[in-house]
file data-v1.txt (compact mmCIF, C-alpha atoms)
# COMPACT_ATOMS: atom_id res chain seq x y z
CA MET A 1 0.00 0.00 0.00
CA ARG A 2 2.91 2.31 0.76
CA ALA A 3 4.35 1.67 -2.69
CA PHE A 4 0.93 2.33 -4.24
CA THR A 5 0.48 5.73 -2.64
CA ALA A 6 4.14 6.60 -3.22
CA ILE A 7 3.70 6.12 -6.97
CA ILE A 8 0.51 8.17 -7.12
CA GLY A 9 2.21 10.86 -5.05
CA ARG A 10 5.30 10.96 -7.21
CA ASP A 11 3.42 11.10 -10.51
CA LEU A 12 1.11 13.85 -9.26
CA ARG A 13 4.05 15.81 -7.93
CA LEU A 14 5.98 15.52 -11.18
CA GLY A 15 2.89 16.33 -13.24
CA LEU A 16 2.08 19.42 -11.23
CA ARG A 17 5.66 20.68 -11.03
CA GLN A 18 6.10 20.35 -14.75
CA GLY A 19 2.82 22.19 -15.19
CA GLY A 20 3.33 22.80 -18.90
CA ASP A 21 1.91 19.44 -19.90
CA LEU A 22 -1.21 19.99 -17.84
CA LEU A 23 -1.72 23.45 -19.31
CA THR A 24 -1.22 22.15 -22.87
CA LEU A 25 -3.85 19.50 -22.30
CA VAL A 26 -6.46 21.91 -20.96
CA LEU A 27 -5.70 24.55 -23.58
CA PHE A 28 -5.96 22.00 -26.37
CA PHE A 29 -9.33 20.84 -25.05
CA VAL A 30 -10.62 24.41 -24.83
CA ILE A 31 -9.17 25.47 -28.19
CA VAL A 32 -10.83 22.63 -30.09
CA GLY A 33 -14.08 23.56 -28.35
CA VAL A 34 -13.65 27.23 -29.23
CA LEU A 35 -12.62 26.71 -32.85
CA LEU A 36 -15.47 24.48 -33.93
CA PRO A 37 -18.28 26.97 -33.24
CA PHE A 38 -16.45 29.44 -35.49
CA ALA A 39 -16.24 26.83 -38.22
CA VAL A 40 -19.91 25.86 -37.85
CA GLY A 41 -21.11 29.45 -38.05
CA PRO A 42 -23.64 31.44 -36.03
CA ASP A 43 -26.35 28.79 -35.97
CA ARG A 44 -27.33 28.33 -32.32
CA PRO A 45 -29.68 25.34 -32.70
CA LEU A 46 -27.15 23.51 -34.84
CA LEU A 47 -24.40 24.28 -32.35
CA ALA A 48 -26.49 23.01 -29.47
CA GLN A 49 -27.03 19.82 -31.45
CA LEU A 50 -23.32 19.45 -32.15
CA ALA A 51 -22.14 20.37 -28.64
CA PRO A 52 -21.91 16.80 -27.27
CA ALA A 53 -19.91 15.68 -30.28
CA ILE A 54 -17.59 18.67 -30.00
CA ILE A 55 -17.00 18.12 -26.29
CA TRP A 56 -16.23 14.44 -26.70
CA VAL A 57 -14.00 14.79 -29.75
CA ALA A 58 -12.09 17.52 -27.94
CA ALA A 59 -11.76 15.36 -24.84
CA LEU A 60 -10.67 12.31 -26.83
CA LEU A 61 -8.03 14.23 -28.80
CA ALA A 62 -6.71 15.98 -25.71
CA GLN A 63 -6.37 12.67 -23.89
CA LEU A 64 -4.76 10.94 -26.86
CA LEU A 65 -2.03 13.57 -26.79
CA SER A 66 -1.20 12.88 -23.18
CA HIS A 67 -0.90 9.09 -23.15
CA ASP A 68 2.56 8.91 -24.63
CA ARG A 69 4.26 10.22 -21.53
CA LEU A 70 2.50 7.79 -19.19
CA PHE A 71 5.35 5.26 -19.26
CA ARG A 72 7.95 6.87 -21.50
CA SER A 73 9.98 8.79 -18.93
CA ASP A 74 9.97 5.81 -16.56
CA PHE A 75 11.14 3.62 -19.41
CA GLU A 76 13.92 5.98 -20.42
CA ASP A 77 15.39 6.65 -16.98
CA GLY A 78 15.31 3.02 -15.89
CA SER A 79 12.51 3.34 -13.33
CA LEU A 80 10.45 0.79 -15.20
CA ALA A 81 13.20 -1.82 -14.79
CA LEU A 82 13.32 -1.13 -11.06
CA PHE A 83 9.55 -1.40 -10.73
CA ARG A 84 10.01 -5.08 -11.51
CA HIS A 85 11.82 -5.48 -8.20
CA ALA A 86 9.31 -3.52 -6.16
CA SER A 87 7.38 -4.86 -3.22
CA LEU A 88 4.26 -4.31 -5.35
CA SER A 89 3.52 -6.25 -8.54
CA LEU A 90 3.82 -4.45 -11.85
CA ASP A 91 0.04 -4.67 -12.29
CA GLY A 92 -0.44 -2.76 -9.07
CA ILE A 93 2.14 -0.19 -10.09
CA VAL A 94 0.45 0.34 -13.45
CA PHE A 95 -2.89 0.75 -11.67
CA ALA A 96 -1.40 3.40 -9.39
CA LYS A 97 0.05 5.18 -12.40
CA LEU A 98 -3.34 5.03 -14.14
CA ILE A 99 -5.04 6.71 -11.20
CA ALA A 100 -2.44 9.47 -11.13
CA HIS A 101 -2.66 9.83 -14.90
CA TRP A 102 -6.42 10.20 -14.81
CA LEU A 103 -6.14 12.83 -12.08
CA LEU A 104 -3.72 14.73 -14.30
CA THR A 105 -5.43 14.30 -17.68
CA GLY A 106 -9.08 13.36 -17.08
CA LEU A 107 -10.05 15.53 -14.14
CA PRO A 108 -8.64 18.78 -15.62
CA LEU A 109 -10.98 18.34 -18.60
CA VAL A 110 -13.94 18.18 -16.26
CA VAL A 111 -12.66 21.27 -14.46
CA ALA A 112 -12.30 23.11 -17.78
CA MET A 113 -15.85 22.19 -18.80
CA PRO A 114 -17.43 25.51 -17.68
CA VAL A 115 -15.32 27.41 -20.24
CA LEU A 116 -16.46 25.11 -23.01
CA ALA A 117 -20.07 25.27 -21.81
CA LEU A 118 -19.93 29.04 -22.09
CA VAL A 119 -18.55 28.97 -25.62
CA LEU A 120 -20.96 26.31 -26.83
CA GLY A 121 -23.93 27.91 -25.12
CA LEU A 122 -24.90 24.80 -23.16
CA THR A 123 -27.99 24.85 -20.99
CA ALA A 124 -27.49 24.13 -17.30
CA ASP A 125 -28.93 20.63 -17.72
CA ASN A 126 -26.59 19.84 -20.56
CA PHE A 127 -23.63 21.26 -18.69
CA TRP A 128 -24.17 18.90 -15.77
CA LEU A 129 -24.71 16.03 -18.17
CA ALA A 130 -21.42 16.88 -19.86
CA VAL A 131 -19.61 16.90 -16.53
CA LEU A 132 -21.21 13.60 -15.59
CA THR A 133 -20.38 11.86 -18.88
CA LEU A 134 -16.81 13.13 -18.83
CA LEU A 135 -16.39 11.87 -15.27
CA ALA A 136 -17.85 8.52 -16.26
CA GLY A 137 -16.08 8.15 -19.60
CA THR A 138 -12.57 9.57 -19.27
CA PRO A 139 -11.28 6.75 -17.00
CA ALA A 140 -11.96 4.34 -19.88
CA LEU A 141 -9.99 6.58 -22.25
CA THR A 142 -7.11 6.61 -19.77
CA ALA A 143 -7.22 2.83 -19.44
CA PHE A 144 -7.25 2.19 -23.19
CA GLY A 145 -4.54 4.80 -23.66
CA ALA A 146 -2.39 3.03 -21.09
CA ILE A 147 -2.49 -0.19 -23.11
CA GLY A 148 -1.44 1.69 -26.24
CA ALA A 149 1.30 3.52 -24.36
CA ALA A 150 2.61 0.29 -22.85
CA VAL A 151 2.74 -1.47 -26.20
CA THR A 152 4.62 1.38 -27.87
CA VAL A 153 6.91 2.39 -25.02
CA GLY A 154 9.91 0.66 -26.61
CA LEU A 155 9.49 2.51 -29.91
CA LYS A 156 11.50 5.67 -30.29
CA ARG A 157 8.76 7.42 -32.25
CA GLY A 158 5.79 5.68 -30.71
CA GLY A 159 3.96 8.96 -30.29
CA LEU A 160 1.71 8.48 -33.29
CA VAL A 161 1.40 4.71 -33.26
CA ALA A 162 -0.31 4.59 -29.88
CA PRO A 163 -3.28 6.81 -30.88
CA VAL A 164 -3.87 4.66 -33.96
CA LEU A 165 -3.94 1.57 -31.73
CA VAL A 166 -6.15 3.18 -29.14
CA LEU A 167 -8.65 4.91 -31.42
CA PRO A 168 -10.77 1.83 -32.26
CA LEU A 169 -10.95 0.94 -28.56
CA SER A 170 -12.04 4.46 -27.73
CA LEU A 171 -14.94 4.54 -30.18
CA PRO A 172 -17.50 3.00 -27.78
CA VAL A 173 -16.63 5.68 -25.24
CA LEU A 174 -17.27 8.33 -27.87
CA ILE A 175 -20.56 6.76 -28.93
CA PHE A 176 -21.97 6.32 -25.45
CA GLY A 177 -20.49 9.61 -24.31
CA THR A 178 -22.43 11.57 -26.90
CA GLY A 179 -25.39 9.19 -26.61
CA ALA A 180 -25.81 10.02 -22.95
CA PHE A 181 -26.42 13.63 -23.86
CA ASP A 182 -30.00 13.61 -25.06
CA PRO A 183 -32.03 15.19 -22.25
CA THR A 184 -35.24 14.70 -24.23
CA ARG A 185 -34.91 10.92 -24.02
CA VAL A 186 -34.11 10.35 -20.39
CA GLU A 187 -34.12 6.56 -20.49
CA ALA A 188 -31.78 6.23 -23.43
CA SER A 189 -29.46 8.78 -21.93
CA THR A 190 -29.41 7.02 -18.55
CA GLN A 191 -28.64 3.73 -20.21
CA ALA A 192 -25.80 5.26 -22.18
CA LEU A 193 -24.42 6.77 -19.00
CA LEU A 194 -24.59 3.43 -17.22
CA LEU A 195 -22.83 1.72 -20.11
CA LEU A 196 -20.17 4.40 -19.97
CA CYS A 197 -19.64 3.71 -16.27
CA ALA A 198 -19.45 -0.02 -16.99
CA LEU A 199 -16.87 0.58 -19.73
CA SER A 200 -14.74 2.63 -17.38
CA LEU A 201 -14.93 0.13 -14.54
CA VAL A 202 -14.14 -2.89 -16.70
CA SER A 203 -11.35 -1.22 -18.62
CA MET A 204 -9.78 0.25 -15.48
CA ALA A 205 -9.88 -3.19 -13.87
CA LEU A 206 -8.37 -5.08 -16.82
CA ALA A 207 -6.03 -2.52 -18.39
CA PRO A 208 -3.35 -2.75 -15.65
CA PHE A 209 -2.83 -6.44 -16.37
CA ALA A 210 -2.67 -5.96 -20.12
CA ALA A 211 -0.42 -2.92 -19.84
CA ALA A 212 1.90 -4.61 -17.33
CA LEU A 213 2.29 -7.59 -19.64
CA ALA A 214 3.03 -5.28 -22.57
CA LEU A 215 5.58 -3.40 -20.48
CA LYS A 216 7.38 -6.61 -19.55
CA ILE A 217 7.70 -7.48 -23.22
CA SER A 218 8.61 -3.93 -24.30
CA GLY A 219 11.41 -3.86 -21.75
CA GLU A 220 13.34 -6.59 -23.50
CA MET B 1 17.31 -22.37 6.88
CA LEU B 2 18.68 -22.88 3.43
CA GLU B 3 21.87 -21.07 2.54
CA LYS B 4 21.26 -18.20 0.16
CA ARG B 5 22.45 -19.05 -3.31
CA LEU B 6 22.07 -17.61 -6.76
CA VAL B 7 22.13 -20.38 -9.30
CA ALA B 8 22.29 -19.77 -13.02
CA LYS B 9 22.02 -22.84 -15.17
CA ASP B 10 22.77 -23.16 -18.89
CA LEU B 11 21.72 -19.60 -19.69
CA THR B 12 21.28 -19.01 -23.38
CA LEU B 13 20.32 -15.62 -24.67
CA ILE B 14 19.83 -14.38 -28.20
CA ARG B 15 19.35 -10.67 -28.76
CA GLY B 16 18.69 -9.15 -32.14
CA GLY B 17 19.42 -12.48 -33.84
CA ARG B 18 22.88 -12.62 -32.28
CA PRO B 19 23.80 -15.15 -29.62
CA VAL B 20 24.87 -13.23 -26.52
CA LEU B 21 25.09 -15.94 -23.89
CA SER B 22 25.42 -19.65 -24.51
CA ASP B 23 25.21 -22.27 -21.79
CA LEU B 24 26.38 -19.95 -19.04
CA SER B 25 26.30 -21.60 -15.63
CA PHE B 26 27.51 -20.35 -12.28
CA THR B 27 26.62 -20.32 -8.61
CA VAL B 28 27.09 -17.45 -6.18
CA ARG B 29 26.86 -18.32 -2.52
CA SER B 30 26.14 -16.20 0.52
CA GLY B 31 29.17 -14.09 1.37
CA GLN B 32 30.53 -14.23 -2.14
CA ALA B 33 30.97 -11.71 -4.91
CA LEU B 34 31.18 -12.62 -8.57
CA TYR B 35 32.87 -10.41 -11.11
CA LEU B 36 31.71 -10.56 -14.68
CA ARG B 37 34.63 -9.36 -16.75
CA GLY B 38 35.40 -9.06 -20.40
CA PRO B 39 35.55 -6.58 -23.25
CA ASN B 40 32.66 -4.29 -24.23
CA GLY B 41 29.69 -5.85 -25.92
CA VAL B 42 30.44 -9.36 -24.75
CA GLY B 43 27.21 -9.80 -22.80
CA LYS B 44 28.03 -8.79 -19.22
CA SER B 45 25.13 -6.37 -18.95
CA SER B 46 22.78 -8.77 -20.69
CA ALA B 47 23.73 -11.47 -18.20
CA LEU B 48 22.89 -9.10 -15.34
CA MET B 49 19.59 -8.20 -16.95
CA VAL B 50 18.70 -11.87 -17.22
CA LEU B 51 19.52 -12.33 -13.53
CA ALA B 52 17.39 -9.26 -12.75
CA GLY B 53 14.44 -10.74 -14.62
CA LEU B 54 14.47 -7.98 -17.22
CA LEU B 55 15.34 -10.25 -20.12
CA ALA B 56 13.85 -13.67 -20.66
CA PRO B 57 16.56 -16.16 -21.65
CA GLN B 58 15.89 -18.50 -24.57
CA GLY B 59 17.25 -21.38 -22.56
CA GLY B 60 18.32 -22.20 -19.03
CA SER B 61 17.14 -20.78 -15.74
CA THR B 62 18.13 -18.61 -12.84
CA ALA B 63 17.01 -19.16 -9.28
CA PHE B 64 17.60 -17.45 -5.97
CA GLU B 65 17.51 -20.06 -3.23
CA GLY B 66 17.15 -19.57 0.48
CA GLY B 67 15.21 -16.32 0.29
CA ASP B 68 12.19 -15.29 2.28
CA PRO B 69 9.32 -17.45 0.94
CA ASP B 70 6.82 -14.64 1.63
CA VAL B 71 8.66 -12.28 -0.68
CA GLN B 72 8.44 -12.66 -4.43
CA PRO B 73 11.78 -13.77 -5.97
CA LEU B 74 12.57 -10.51 -7.77
CA SER B 75 12.14 -8.51 -4.56
CA HIS B 76 15.29 -10.08 -3.10
CA LEU B 77 17.55 -8.21 -5.43
CA HIS B 78 18.86 -4.76 -6.16
CA TYR B 79 19.70 -3.94 -9.73
CA VAL B 80 21.77 -0.85 -10.44
CA GLY B 81 22.10 -0.54 -14.19
CA HIS B 82 23.21 2.16 -16.58
CA ASP B 83 20.01 4.15 -16.17
CA PRO B 84 19.86 5.68 -12.70
CA ALA B 85 16.05 5.65 -12.30
CA ILE B 86 16.22 9.15 -10.88
CA LYS B 87 13.69 11.83 -11.70
CA THR B 88 14.66 15.40 -12.34
CA GLY B 89 12.15 17.78 -10.86
CA MET B 90 12.34 16.00 -7.54
CA SER B 91 14.87 16.51 -4.78
CA LEU B 92 17.45 13.90 -3.81
CA ALA B 93 15.58 13.05 -0.64
CA GLU B 94 12.28 12.74 -2.52
CA ASN B 95 13.87 10.49 -5.12
CA LEU B 96 15.39 8.17 -2.55
CA ALA B 97 12.32 8.21 -0.31
CA PHE B 98 10.20 7.22 -3.31
CA TRP B 99 12.34 4.18 -4.01
CA VAL B 100 12.44 3.25 -0.34
CA ASP B 101 8.64 3.25 -0.35
CA VAL B 102 8.37 1.33 -3.61
CA LEU B 103 11.08 -1.22 -2.84
CA GLY B 104 9.77 -1.68 0.67
CA GLY B 105 12.46 -0.29 2.94
CA ASP B 106 12.42 1.71 6.14
CA ALA B 107 11.59 5.36 5.50
CA GLY B 108 13.88 6.48 8.34
CA THR B 109 17.01 5.41 6.48
CA VAL B 110 16.86 8.04 3.74
CA SER B 111 18.99 10.83 5.21
CA GLN B 112 21.56 8.43 6.60
CA ALA B 113 21.89 6.66 3.26
CA LEU B 114 22.36 10.00 1.53
CA SER B 115 25.15 11.06 3.85
CA GLU B 116 26.83 7.66 3.57
CA ALA B 117 26.73 8.07 -0.21
CA GLY B 118 28.58 11.36 0.15
CA LEU B 119 25.49 13.39 -0.68
CA GLY B 120 24.86 14.75 2.82
CA GLY B 121 23.50 18.29 2.86
CA LEU B 122 22.26 18.05 -0.73
CA ASP B 123 18.96 16.38 0.12
CA LYS B 124 16.81 19.40 -0.82
CA ILE B 125 18.50 19.93 -4.18
CA ASP B 126 16.80 19.03 -7.46
CA ALA B 127 18.24 15.74 -8.75
CA GLY B 128 18.57 17.34 -12.18
CA MET B 129 21.40 19.48 -10.82
CA LEU B 130 23.61 16.50 -10.00
CA SER B 131 26.74 15.54 -11.88
CA ALA B 132 27.04 12.10 -13.44
CA GLY B 133 29.06 10.85 -10.48
CA GLN B 134 26.60 12.21 -7.94
CA THR B 135 23.71 10.67 -9.86
CA ARG B 136 25.49 7.33 -9.68
CA ARG B 137 25.99 7.80 -5.92
CA LEU B 138 22.29 8.53 -5.49
CA ALA B 139 21.42 5.36 -7.42
CA LEU B 140 23.81 3.37 -5.23
CA ALA B 141 22.31 4.92 -2.08
CA ARG B 142 19.32 2.63 -2.69
CA LEU B 143 21.57 -0.29 -1.76
CA ILE B 144 22.08 1.21 1.69
CA ALA B 145 18.55 2.46 2.24
CA VAL B 146 16.81 -0.82 1.38
CA PRO B 147 18.64 -3.93 2.63
CA ARG B 148 18.36 -6.81 0.18
CA PRO B 149 20.52 -9.92 -0.05
CA LEU B 150 21.40 -9.94 -3.74
CA TRP B 151 23.07 -7.03 -5.50
CA LEU B 152 23.38 -6.92 -9.28
CA LEU B 153 25.65 -4.03 -10.20
CA ASP B 154 26.44 -2.93 -13.72
CA GLU B 155 29.66 -0.90 -13.82
CA PRO B 156 29.01 0.52 -10.35
CA THR B 157 32.13 2.67 -10.33
CA SER B 158 31.66 4.31 -13.72
CA ALA B 159 31.61 8.12 -13.44
CA LEU B 160 32.82 7.92 -9.84
CA ASP B 161 36.02 9.53 -8.57
CA SER B 162 38.66 7.40 -6.85
CA GLU B 163 37.20 8.14 -3.43
CA GLY B 164 33.82 7.06 -4.74
CA ALA B 165 35.28 3.86 -6.17
CA ASP B 166 36.79 3.10 -2.75
CA TRP B 167 33.41 3.72 -1.16
CA VAL B 168 31.73 1.28 -3.55
CA ALA B 169 34.41 -1.33 -2.81
CA ARG B 170 33.86 -0.86 0.95
CA LEU B 171 30.11 -1.05 0.46
CA ILE B 172 30.30 -4.35 -1.42
CA SER B 173 32.86 -5.76 1.03
CA GLN B 174 30.57 -4.99 3.98
CA HIS B 175 27.62 -6.44 2.13
CA ILE B 176 29.26 -9.79 1.44
CA ALA B 177 30.89 -9.86 4.88
CA SER B 178 27.38 -9.76 6.36
CA GLY B 179 26.26 -12.68 4.21
CA GLY B 180 25.09 -10.85 1.11
CA LEU B 181 25.65 -11.82 -2.50
CA ALA B 182 26.86 -9.60 -5.30
CA VAL B 183 27.28 -9.97 -9.03
CA ILE B 184 29.27 -7.13 -10.54
CA ALA B 185 29.85 -6.47 -14.20
CA THR B 186 32.89 -4.29 -14.51
CA HIS B 187 35.99 -3.64 -16.56
CA LEU B 188 37.58 -1.56 -13.83
CA ASP B 189 39.24 -3.09 -10.79
CA ILE B 190 37.17 -2.85 -7.65
CA ALA B 191 39.15 -3.85 -4.59
CA ILE B 192 36.67 -5.97 -2.70
CA ALA B 193 37.77 -7.64 0.50
CA GLY B 194 36.32 -11.11 0.92
CA GLU B 195 35.59 -14.08 -1.24
CA VAL B 196 35.61 -13.02 -4.86
CA GLU B 197 35.33 -15.08 -7.98
CA THR B 198 35.74 -13.93 -11.52
CA LEU B 199 33.89 -15.07 -14.58
CA ASN B 200 35.68 -14.02 -17.72
CA PHE B 201 33.55 -13.41 -20.75
CA SER B 202 35.28 -13.79 -24.07
CA ARG B 203 34.02 -13.32 -27.57
CA ALA B 204 34.54 -16.97 -28.35
CA ALA B 205 32.16 -17.97 -25.57
CA ALA B 206 29.60 -15.43 -26.72
call {"tool": "encode", "arguments": {"input": "data-v1.txt", "output": "structure tokens"}}
result
Amino acid sequence: MRAFTAIIGRDLRLGLRQGGDLLTLVLFFVIVGVLLPFAVGPDRPLLAQLAPAIIWVAALLAQLLSHDRLFRSDFEDGSLALFRHASLSLDGIVFAKLIAHWLLTGLPLVVAMPVLALVLGLTADNFWLAVLTLLAGTPALTAFGAIGAAVTVGLKRGGLVAPVLVLPLSLPVLIFGTGAFDPTRVEASTQALLLLCALSLVSMALAPFAAALALKISGE
Amino acid sequence: MLEKRLVAKDLTLIRGGRPVLSDLSFTVRSGQALYLRGPNGVGKSSALMVLAGLLAPQGGSTAFEGGDPDVQPLSHLHYVGHDPAIKTGMSLAENLAFWVDVLGGDAGTVSQALSEAGLGGLDKIDAGMLSAGQTRRLALARLIAVPRPLWLLDEPTSALDSEGADWVARLISQHIASGGLAVIATHLDIAIAGEVETLNFSRAAA
């Protein structure tokens, strides 16, 4: 347990001290959200219709950008090799890193949501729905991203390969994420939200094992 | 209680289509140090990585006998390789304390280990400010902070000054005198007191 909290603590500390990455992520998310309304034009009903899609595409792209550094620095400075000798199994270590990574890349998107809501002209109901779906869906994105990052950690220019690997896995999150948005059809939206939660729980539970296995192979 | 032994049997390793190790066998007993010597690129580091569980050999096996049955096999060893596993952006004390937590040592040993490693008084400094030799000392401080029976050291004295090399030799001597085991890949002489064996790697064998 001490090792578990130590890893979360270290990753959060490093992430917050090197605040540039965090700022890039949030800015990217907001910029995509700000640009699209300009491209769509001054059509408020259309924009309201597109808002869920814009939010989720922005979130997905912002998260895709951040996965590469999940394991890369640990791989390069030899920490990953030492994790193999830790008192905690590599699966547990990956899980701890996933939690820290979500706190650094998933939660900031939720926090930045009010800015996007303002730009997209979301109603209060839709804003809370957006916050809820992002909270429910981003852990799954982090988990899938971790698998991609673990598989490509040994590649020098793995930065672009991982998103290509992860994108098909992320599609269900995108579909249910936007599907949960329809406040006119409460039942369908609740079901989508529940499915999103299920996706996050299952992927968060299984991804550490898959990623740890990939890391063991990548290390060779 | 079984005597602690590291047994490597018929290790065969192929990396990048090239045979690196072939039928390498040796035993290191408690209180013994084993040098792996030989020219560059002959497979010393690869052999250490196999012992550390970082590379899977194509043939043969390694086993650490006589360890604590409640502890998983890889947690009996320290591996200090070329990469220091030290994060810039964190202080020396934070770096070492992190590894003490992760490797399962006693958190109270951090400042003492730092001063023994010749890094006393630098504990609040960012690890990115360290020289190569100091970085190596910080990596080696893990050996002091977290007691483990088996040490796998890859060129432990590289980048160290002569005083640092003496310190490493003393450290290893004390370790094996108290019943520890050490496998050291090196091409520099490290004056270890105690029972020392040497395994010479040659290109013909590799």
call {"tool": "interface_residues", "arguments": {"input": "data-v1.txt", "of": "chain A", "to": "chain B", "cutoff": "9 Å", "atoms": "only C-alpha atoms", "output": "MDAnalysis selection string"}}
result
chainID A and resid 2:7 9:10 13:14 17:18 73:88 216:217 219:220
call {"tool": "residues_near_point", "arguments": {"input": "data-v1.txt", "point": "(34.6, -15.0, -4.4)", "cutoff": "8 Å", "atoms": "all atoms listed in the file", "output": "list in words"}}
result
Gly31, Gln32, Ala33, Leu34, Gly194, Glu195, Val196, Glu197 and Thr198 of chain B
call {"tool": "residues_around", "arguments": {"input": "data-v1.txt", "residues": "segment 146-157 of chain B", "least_positions_apart": "4", "cutoff": "9 Å", "atoms": "only C-alpha atoms", "output": "ChimeraX atom specification"}}
result
/B:4,6,30,44-45,48-49,51-52,64,67,75-82,99-100,103-106,109,133,136,140-142,161-162,164-166,168-169,172,175-176,179-188,190
call {"tool": "residues_near_point", "arguments": {"input": "data-v1.txt", "point": "(31.6, 7.7, -0.8)", "cutoff": "6 Å", "atoms": "only C-alpha atoms", "output": "MDAnalysis selection string"}}
result
chainID B and resid 117:118 164 167
call {"tool": "atom_distance", "arguments": {"input": "data-v1.txt", "atom1": "atom CA of Gln58 of chain B", "atom2": "atom CA of Phe26 of chain B"}}
result
17.0 Å
call {"tool": "decode", "arguments": {"input": "data-v1.txt", "residues": "segment 68-82 of chain B", "atoms": "N, CA, C and O atoms", "output": "compact mmCIF listing (two decimals), in the first residue's frame"}}
result
# COMPACT_ATOMS: atom_id res chain seq x y z
N ASP B 68 13.42 -15.33 1.51
CA ASP B 68 12.19 -15.29 2.28
C ASP B 68 11.05 -15.79 1.40
O ASP B 68 10.77 -15.21 0.36
N PRO B 69 10.38 -16.90 1.80
CA PRO B 69 9.32 -17.45 0.94
C PRO B 69 8.12 -16.52 0.80
O PRO B 69 7.33 -16.66 -0.13
N ASP B 70 7.96 -15.55 1.73
CA ASP B 70 6.82 -14.64 1.63
C ASP B 70 7.06 -13.50 0.65
O ASP B 70 6.16 -12.73 0.35
N VAL B 71 8.32 -13.39 0.21
CA VAL B 71 8.66 -12.28 -0.68
C VAL B 71 8.84 -12.84 -2.08
O VAL B 71 9.45 -13.89 -2.25
N GLN B 72 8.30 -12.14 -3.07
CA GLN B 72 8.44 -12.66 -4.43
C GLN B 72 9.92 -12.62 -4.84
O GLN B 72 10.68 -11.75 -4.40
N PRO B 73 10.35 -13.57 -5.69
CA PRO B 73 11.78 -13.77 -5.97
C PRO B 73 12.50 -12.49 -6.40
O PRO B 73 13.61 -12.21 -5.94
N LEU B 74 11.87 -11.69 -7.26
CA LEU B 74 12.57 -10.51 -7.77
C LEU B 74 12.75 -9.43 -6.71
O LEU B 74 13.55 -8.52 -6.88
N SER B 75 12.01 -9.52 -5.61
CA SER B 75 12.14 -8.51 -4.56
C SER B 75 13.30 -8.80 -3.62
O SER B 75 13.48 -8.11 -2.62
N HIS B 76 14.09 -9.82 -3.90
CA HIS B 76 15.29 -10.08 -3.10
C HIS B 76 16.50 -9.35 -3.64
O HIS B 76 17.56 -9.38 -3.06
N LEU B 77 16.34 -8.73 -4.79
CA LEU B 77 17.55 -8.21 -5.43
C LEU B 77 17.49 -6.70 -5.67
O LEU B 77 16.41 -6.10 -5.75
N HIS B 78 18.67 -6.14 -5.73
CA HIS B 78 18.86 -4.76 -6.16
C HIS B 78 19.54 -4.80 -7.51
O HIS B 78 20.51 -5.53 -7.71
N TYR B 79 19.04 -4.03 -8.44
CA TYR B 79 19.70 -3.94 -9.73
C TYR B 79 20.07 -2.48 -9.95
O TYR B 79 19.21 -1.61 -9.93
N VAL B 80 21.34 -2.21 -10.11
CA VAL B 80 21.77 -0.85 -10.44
C VAL B 80 22.39 -0.91 -11.83
O VAL B 80 23.49 -1.43 -12.01
N GLY B 81 21.65 -0.45 -12.81
CA GLY B 81 22.10 -0.54 -14.19
C GLY B 81 22.64 0.79 -14.70
O GLY B 81 23.00 1.66 -13.91
N HIS B 82 22.68 0.93 -16.00
CA HIS B 82 23.21 2.16 -16.58
C HIS B 82 22.27 3.33 -16.32
O HIS B 82 22.71 4.44 -16.10
